[in-house]
Structures are given as C-alpha cells and as structure tokens.
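These notes are about the structure you will find just below.
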Amino acid sequence: MFFFFIIGVRFVAWGGETTGPQMRCGKCGTVGQFVDKKGMLFVTLFFIPVVPVSGTKHLLQCAACGTRLRAAR
C-alpha cells in the first residue's frame with residue numbers, strides 16, 4: 001500500500017482596510033495607499049492550512065503590485 005502526502009508551509013493573510021497616509025512602494029515605485037492586513041504562517045496538508053505555526057503578524061500590502069511589508073506596531 002502506498003500513501004502520498006503533500007505537506008508544506010504557507011503564509012495566509014486576511015483583512016483589507018486601507019491606510020491613511022500615502023506611501024511609496026519600494027518595489028514598484030507607485031505612490032498610494034497601502035492595505036493593512038494581518039496574517040499567520042500555517043502548516044498545510046494538500047494545500048489546505050491546518051496548523052498555525054506563528055503568531056499574528058501585521059502587514060502593509062501595496063495595492064498595485066502586491067508586495068507585503070511588515071508594519072511597525
């Protein structure tokens with residue numbers, strides 16, 4: 001009998017509130033409002049997040065290119 005398991009890790013982010021001040025993205029250079037998000041690192045089984053590995057992290061995501069930056073909190 002042969003069993004095949006796909007196990008990995010994935011960062012899952014949620015939320016979507018825009019920030020107040022406009023900032024410049026370091027990757028694409030666009031000036032605009034960033035999206036405030038929270039997220040956690042999960043162990044995945046068959047690409048489904050199962051077990052959280054880290055605590056909640058606060059991020060800022062560029063609306064144009066999707067680059068995520070760690071927010072200072």
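Each chain in the structure tokens gets a letter, A, B and so on, in the order shown; residues start at 1 in every chain, and ligands are counted from 1 in the order they appear.
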| request: Can you check which residues of chain A DSSP gives as strand (DSSP E or B) on the backbone and send them as a VMD selection string? | output: chain A and resid 7 to 18 23 to 24 31 to 32 34 to 45 48 to 52 57 to 62 68 to 70
Would you save the residues from that selection as a PDB file, in the first residue's frame, using C-alpha atoms?
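Contents of the output file again20.pdb:
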ATOM      1  CA  ILE A   7       2.922  18.835   3.251  1.00  0.00           C
ATOM      2  CA  GLY A   8       4.275  22.400   3.280  1.00  0.00           C
ATOM      3  CA  VAL A   9       4.077  25.827   4.881  1.00  0.00           C
ATOM      4  CA  ARG A  10       2.149  28.875   3.679  1.00  0.00           C
ATOM      5  CA  PHE A  11       1.596  32.417   4.865  1.00  0.00           C
ATOM      6  CA  VAL A  12      -2.136  33.248   4.925  1.00  0.00           C
ATOM      7  CA  ALA A  13      -3.190  36.920   5.081  1.00  0.00           C
ATOM      8  CA  TRP A  14      -6.628  38.425   5.693  1.00  0.00           C
ATOM      9  CA  GLY A  15      -8.168  41.875   6.091  1.00  0.00           C
ATOM     10  CA  GLY A  16      -8.403  44.775   3.728  1.00  0.00           C
ATOM     11  CA  GLU A  17      -8.504  48.194   5.400  1.00  0.00           C
ATOM     12  CA  THR A  18      -6.652  50.961   3.577  1.00  0.00           C
ATOM     13  CA  MET A  23       3.441  55.985   0.820  1.00  0.00           C
ATOM     14  CA  ARG A  24       5.822  54.981  -1.957  1.00  0.00           C
ATOM     15  CA  VAL A  31       2.664  56.313  -4.581  1.00  0.00           C
ATOM     16  CA  GLY A  32      -0.656  55.420  -2.980  1.00  0.00           C
ATOM     17  CA  PHE A  34      -1.401  50.577   1.237  1.00  0.00           C
ATOM     18  CA  VAL A  35      -3.761  47.857   2.507  1.00  0.00           C
ATOM     19  CA  ASP A  36      -3.454  46.943   6.211  1.00  0.00           C
ATOM     20  CA  LYS A  37      -3.554  43.141   6.632  1.00  0.00           C
ATOM     21  CA  LYS A  38      -2.951  40.522   9.320  1.00  0.00           C
ATOM     22  CA  GLY A  39      -1.588  37.056   8.702  1.00  0.00           C
ATOM     23  CA  MET A  40      -0.123  33.844  10.115  1.00  0.00           C
ATOM     24  CA  LEU A  41       2.193  31.076   8.937  1.00  0.00           C
ATOM     25  CA  PHE A  42       0.423  27.703   8.637  1.00  0.00           C
ATOM     26  CA  VAL A  43       1.477  24.105   8.040  1.00  0.00           C
ATOM     27  CA  THR A  44      -0.511  22.857   5.044  1.00  0.00           C
ATOM     28  CA  LEU A  45      -1.761  19.404   4.127  1.00  0.00           C
ATOM     29  CA  ILE A  48      -5.098  23.440   2.933  1.00  0.00           C
ATOM     30  CA  PRO A  49      -3.904  25.444   6.009  1.00  0.00           C
ATOM     31  CA  VAL A  50      -4.194  23.114   9.003  1.00  0.00           C
ATOM     32  CA  VAL A  51      -1.951  24.109  11.935  1.00  0.00           C
ATOM     33  CA  PRO A  52      -0.841  27.685  12.749  1.00  0.00           C
ATOM     34  CA  LYS A  57       1.754  39.497  12.094  1.00  0.00           C
ATOM     35  CA  HIS A  58       0.664  42.957  10.888  1.00  0.00           C
ATOM     36  CA  LEU A  59       1.487  43.767   7.245  1.00  0.00           C
ATOM     37  CA  LEU A  60       1.100  46.567   4.728  1.00  0.00           C
ATOM     38  CA  GLN A  61       0.416  45.439   1.147  1.00  0.00           C
ATOM     39  CA  CYS A  62       0.931  47.564  -1.960  1.00  0.00           C
ATOM     40  CA  ARG A  68       3.928  42.880   1.552  1.00  0.00           C
ATOM     41  CA  LEU A  69       5.901  44.880   4.113  1.00  0.00           C
ATOM     42  CA  ARG A  70       5.985  44.253   7.850  1.00  0.00           C
TER      43      ARG A  70
END
| said: I'd like the neighbourhood of region 26-29 of chain A as a list in words, where a residue qualifies if any of its atoms comes within 8 Å (using only C-alpha atoms), though same-chain residues fewer than 3 positions away should be ignored. | reply: Ala64, Cys65 and Thr67 of chain A
How about saving the chosen residues, N, CA and C atoms kept, as a PDB file, in the first residue's frame?
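Heads up, here's the output in result-v5.pdb:
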ATOM      1  N   ALA A  64      -0.893  48.132  -5.840  1.00  0.00           N
ATOM      2  CA  ALA A  64      -0.544  47.990  -7.247  1.00  0.00           C
ATOM      3  C   ALA A  64       0.152  46.659  -7.550  1.00  0.00           C
ATOM      4  N   CYS A  65       1.211  46.331  -6.794  1.00  0.00           N
ATOM      5  CA  CYS A  65       2.000  45.140  -7.130  1.00  0.00           C
ATOM      6  C   CYS A  65       1.834  43.992  -6.146  1.00  0.00           C
ATOM      7  N   THR A  67       3.207  43.683  -3.085  1.00  0.00           N
ATOM      8  CA  THR A  67       4.337  43.492  -2.186  1.00  0.00           C
ATOM      9  C   THR A  67       3.890  43.700  -0.745  1.00  0.00           C
TER      10      THR A  67
END
| field | From A:Gln33, A:Ala63, A:Gly20, A:Phe46, residue lying nearest Phe4 (chain A) [only C-alpha atoms] | value | A:Phe46
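Distances to Phe47 (chain A) were evaluated for A:Gln22, A:Thr30, A:Ile6, A:Met1 using only C-alpha atoms, and the minimum falls at A:Ile6.
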